[in-house]
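A short write-up of the structure that comes next.
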Amino acid sequence: MKQNTLAAELYFSGIGLHTGLHADMKVCPAPENTGIRFQRVDIPGQPIVEALADYVMNTERGTVLFRDNVKVSTLEHLMAAFFGMEIDNALVQLSAPEVPILDGSALPFVEAFMHAGTLAQQAERKYITIKTPVHYSDPVTGTKIDVLPADNFELNVTIDFNSEILGRQKAIYTSDTDFATEIASCRTFVFLHEVLFLYRHNLVKGGDLDNALVIAEKEVSEADMALLRQIFNKPQLSVHKGYMNHLGLRFPNECARHKTLDMIGDLMLAGTRFNAHIHAYKPGHKANIEVAGKIREQMNL
């Protein structure tokens, strides 16, 4: 299979989920064997950072690249869109340190990529073969990820937050899954008790009920509800079936599908596509990047 790039430049504009900073973003076609690269056009010299696990500095609430004092954060949804739409080479030009969150999913990127179309290039797409199983576990979080050698790519994700609202959810991504219709639209999510904590710690400045699912596990006090109405600028804000979003879920297991989306985006930081069967229990950005790094080590053997 040949490598692909975009057939035209694409423009996006919006705020960053954590910084709250406005960002203009241009996604440009790139030559074969370029991979995915991010360019900070707001910094003198317009430095470029490659989308590789080697340069991940932080995974606390999203994936953050950092190299030579240049930061690019919250890139996982865009990276997942590149994977799902078979785009191997692109240059992403950013006017701020964070990729715009848009609706909290990969759907706006996917729809734009479909509209622009892709361009087949001359070079063959590179795949690596996982020769040695990769195992990751974290006794604190309970996270467990196993990457097993296989002839195709398959991802089985299970999430369990000990939540009565979410329950235990599963999602499966295979070569037969239509990324655009089954994964791309699934939004990021956060528990209500985390929102105020993050807000007080100077995060989720760009968070909004239009770009994240907010899950209310317990009854919300009047004082907290008043503050949330102020934060989200929604005077009529209320809880409906455990969610603070009035639009409802896009899938019954939307949260598990979003964790699948995140993991796909993070695993793109291995730097090349690979075939494996992956079983992930309670995955997160930290674990995903650790696994991507272990896969890169196999590439360098």
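The way I read the labels, and the way they are meant: chains A, B, ... in the order of the structure tokens, residue 1 as the first residue of every chain, and ligand 1 as the first ligand shown, with later ones counted on from there.
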
Next item on the list: Determine which residues of range 6-205 of chain A receive a DSSP assignment of strand (DSSP E or B), computed from the backbone, and state them as a count of residues only.
Entry: 80

Please build the interface table for range 24-95 of chain A against range 1-19 of chain A with a cut-off of 7 Å, listing for each qualifying residue the nearest atom pair and the distance in Å to one decimal; count only C-alpha atoms, order rows by chain and increasing number, and write it as a tab-separated table.
residue	atom	partner	partner_atom	distance
A:Asp24	CA	A:Ser13	CA	4.5
A:Met25	CA	A:Phe12	CA	5.0
A:Lys26	CA	A:Tyr11	CA	4.6
A:Val27	CA	A:Leu10	CA	5.1
A:Cys28	CA	A:Glu9	CA	4.6
A:Pro29	CA	A:Leu6	CA	4.9
A:Ala30	CA	A:Thr5	CA	6.3
A:Glu32	CA	A:Gln3	CA	6.7
A:Glu86	CA	A:Asn4	CA	6.7
A:Ile87	CA	A:Asn4	CA	5.1
A:Asp88	CA	A:Asn4	CA	5.4
A:Asn89	CA	A:Thr5	CA	5.0
A:Ala90	CA	A:Thr5	CA	6.2

Notebook entry, point to check: Separation of CA of Ile172 in chain A and CA of Asp210 in chain A, in Å?
Noted result: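 Distance between the two atoms: 25.7 Å.
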
Notebook entry, point to check: Of the residues A:Pro283, A:Asn33, A:Arg61, A:Val134, which is the one nearest to Glu194 in chain A, using only C-alpha atoms?
Noted result: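 Selected residue with least distance to Glu194 in chain A: A:Arg61.
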
Margin query: Using only C-alpha atoms for the distances, tell me which of A:Met299, A:Met225, A:Met268, A:Leu107 is nearest to Ile183 in chain A.
Written below: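 Among A:Met299, A:Met225, A:Met268, A:Leu107, it is A:Leu107 that comes nearest to Ile183 in chain A.
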
Margin query: I need the residue nearest Phe274 in chain A from this list: A:Val291, A:Ala150, A:Leu261, A:Val157. Use only C-alpha atoms for the distance.
Written below: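 Comparing A:Val291, A:Ala150, A:Leu261, A:Val157 against Phe274 in chain A, the winner is A:Ala150.
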
Check: Please, what distance in Å, to one decimal, runs between CA of Glu254 in chain A and CA of His240 in chain A?
Finding: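 Value for the CA of Glu254 in chain A-CA of His240 in chain A distance: 16.3 Å.
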
Next item on the list: For Ala216 in chain A, list every protein, DNA or RNA residue within 12 Å, evaluated using only C-alpha atoms, and leave out those in the same chain fewer than 4 positions away; present the list as a PyMOL selection string.
Entry: chain A and resi 163-166+189-195+220-221+224-225+228+238-245

Next item on the list: Quick one: pick out all alpha helix (DSSP H) residues within range 108-257 of chain A from a backbone DSSP run and write them as a count of residues only.
Entry: 37

Check: Pick the closest to Ile43 in chain A from A:Leu196, A:Ala81, A:Ala96, A:Cys255: which is it, counting only C-alpha atoms?
Finding: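 Nearest to Ile43 in chain A: A:Ala96.
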
Checklist line | Nearest-residue call for Asp208 in chain A, choices A:Glu50, A:Asp103, A:Glu76, A:Glu111, using only C-alpha atoms | finding: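 Closest candidate: A:Asp103.
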
Given only C-alpha atoms, how would the per-residue table for range 232-297 of chain A near range 54-57 of chain A read, listing every residue at most 12 Å away with its closest atom pair and distance in Å to one decimal, sorted by chain and number, as JSON lines?
{"residue": "A:Asp266", "atom": "CA", "partner": "A:Val56", "partner_atom": "CA", "distance": 10.1}
{"residue": "A:Leu269", "atom": "CA", "partner": "A:Asp54", "partner_atom": "CA", "distance": 8.3}
{"residue": "A:Ala270", "atom": "CA", "partner": "A:Asp54", "partner_atom": "CA", "distance": 8.7}
{"residue": "A:Gly271", "atom": "CA", "partner": "A:Asp54", "partner_atom": "CA", "distance": 9.6}
{"residue": "A:His285", "atom": "CA", "partner": "A:Val56", "partner_atom": "CA", "distance": 10.3}
{"residue": "A:Lys286", "atom": "CA", "partner": "A:Val56", "partner_atom": "CA", "distance": 9.6}
{"residue": "A:Asn288", "atom": "CA", "partner": "A:Val56", "partner_atom": "CA", "distance": 11.2}
{"residue": "A:Ile289", "atom": "CA", "partner": "A:Val56", "partner_atom": "CA", "distance": 7.8}
{"residue": "A:Glu290", "atom": "CA", "partner": "A:Val56", "partner_atom": "CA", "distance": 9.8}
{"residue": "A:Val291", "atom": "CA", "partner": "A:Asp54", "partner_atom": "CA", "distance": 11.7}
{"residue": "A:Ala292", "atom": "CA", "partner": "A:Asp54", "partner_atom": "CA", "distance": 9.2}
{"residue": "A:Gly293", "atom": "CA", "partner": "A:Asp54", "partner_atom": "CA", "distance": 7.0}
{"residue": "A:Lys294", "atom": "CA", "partner": "A:Asp54", "partner_atom": "CA", "distance": 10.5}
{"residue": "A:Ile295", "atom": "CA", "partner": "A:Asp54", "partner_atom": "CA", "distance": 11.4}
{"residue": "A:Arg296", "atom": "CA", "partner": "A:Asp54", "partner_atom": "CA", "distance": 8.7}
{"residue": "A:Glu297", "atom": "CA", "partner": "A:Asp54", "partner_atom": "CA", "distance": 10.3}

Next item on the list: Quote the spacing between CA of Glu98 in chain A and CA of Leu198 in chain A in Å to one decimal place.
Entry: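 Distance reported for this atom pair: 16.8 Å.
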
Note to self: Quick one: residues within 6 Å of Asp146 in chain A, only C-alpha atoms, excluding same-chain residues fewer than 4 positions away - as a list in words?
What the structure shows: Val134, His135, Ile278 and His279 of chain A

Could those residues be written to a file, using N, CA and C atoms, as a PDB file, in the first residue's frame?
ATOM      1  N   VAL A 134       4.479  -6.957  23.906  1.00  0.00           N
ATOM      2  CA  VAL A 134       4.716  -5.810  24.785  1.00  0.00           C
ATOM      3  C   VAL A 134       3.667  -5.837  25.889  1.00  0.00           C
ATOM      4  N   HIS A 135       4.124  -5.722  27.127  1.00  0.00           N
ATOM      5  CA  HIS A 135       3.200  -5.746  28.256  1.00  0.00           C
ATOM      6  C   HIS A 135       3.417  -4.507  29.118  1.00  0.00           C
ATOM      7  N   ILE A 278      -4.152  -5.783  20.337  1.00  0.00           N
ATOM      8  CA  ILE A 278      -3.925  -5.067  21.590  1.00  0.00           C
ATOM      9  C   ILE A 278      -5.144  -5.211  22.496  1.00  0.00           C
ATOM     10  N   HIS A 279      -4.888  -5.618  23.714  1.00  0.00           N
ATOM     11  CA  HIS A 279      -5.940  -5.707  24.725  1.00  0.00           C
ATOM     12  C   HIS A 279      -5.612  -4.685  25.805  1.00  0.00           C
TER      13      HIS A 279
END

Margin query: When you look at Phe66 in chain A with a cut-off of 8 Å (counting only C-alpha atoms), what residues show up, excluding the ones that are within fewer than 2 positions of it in the same chain? I need them as number ranges by chain.
Written below: A: 49, 55-57, 64, 68-72

Restricted to N, CA and C atoms, what would the selected residues look like written as a compact mmCIF listing (two decimals), in the first residue's frame?
# COMPACT_ATOMS: atom_id res chain seq x y z
N VAL A 49 8.36 20.12 15.48
CA VAL A 49 8.48 18.98 16.38
C VAL A 49 7.83 17.77 15.71
N TYR A 55 9.40 12.49 22.23
CA TYR A 55 9.31 13.89 22.64
C TYR A 55 8.12 14.18 23.54
N VAL A 56 7.45 13.15 24.04
CA VAL A 56 6.32 13.38 24.94
C VAL A 56 6.85 13.73 26.33
N MET A 57 6.42 14.87 26.85
CA MET A 57 6.90 15.32 28.16
C MET A 57 5.84 15.21 29.25
N VAL A 64 1.33 15.66 25.39
CA VAL A 64 2.06 16.90 25.17
C VAL A 64 3.46 16.60 24.62
N ASP A 68 13.21 21.15 22.53
CA ASP A 68 13.91 22.43 22.37
C ASP A 68 13.03 23.61 22.77
N ASN A 69 12.36 23.46 23.93
CA ASN A 69 11.50 24.52 24.49
C ASN A 69 10.27 24.81 23.64
N VAL A 70 9.92 23.89 22.74
CA VAL A 70 8.73 24.05 21.91
C VAL A 70 7.69 23.02 22.34
N LYS A 71 6.50 23.50 22.66
CA LYS A 71 5.44 22.62 23.16
C LYS A 71 4.28 22.54 22.17
N VAL A 72 3.72 21.33 22.04
CA VAL A 72 2.49 21.10 21.28
C VAL A 72 1.65 20.13 22.11
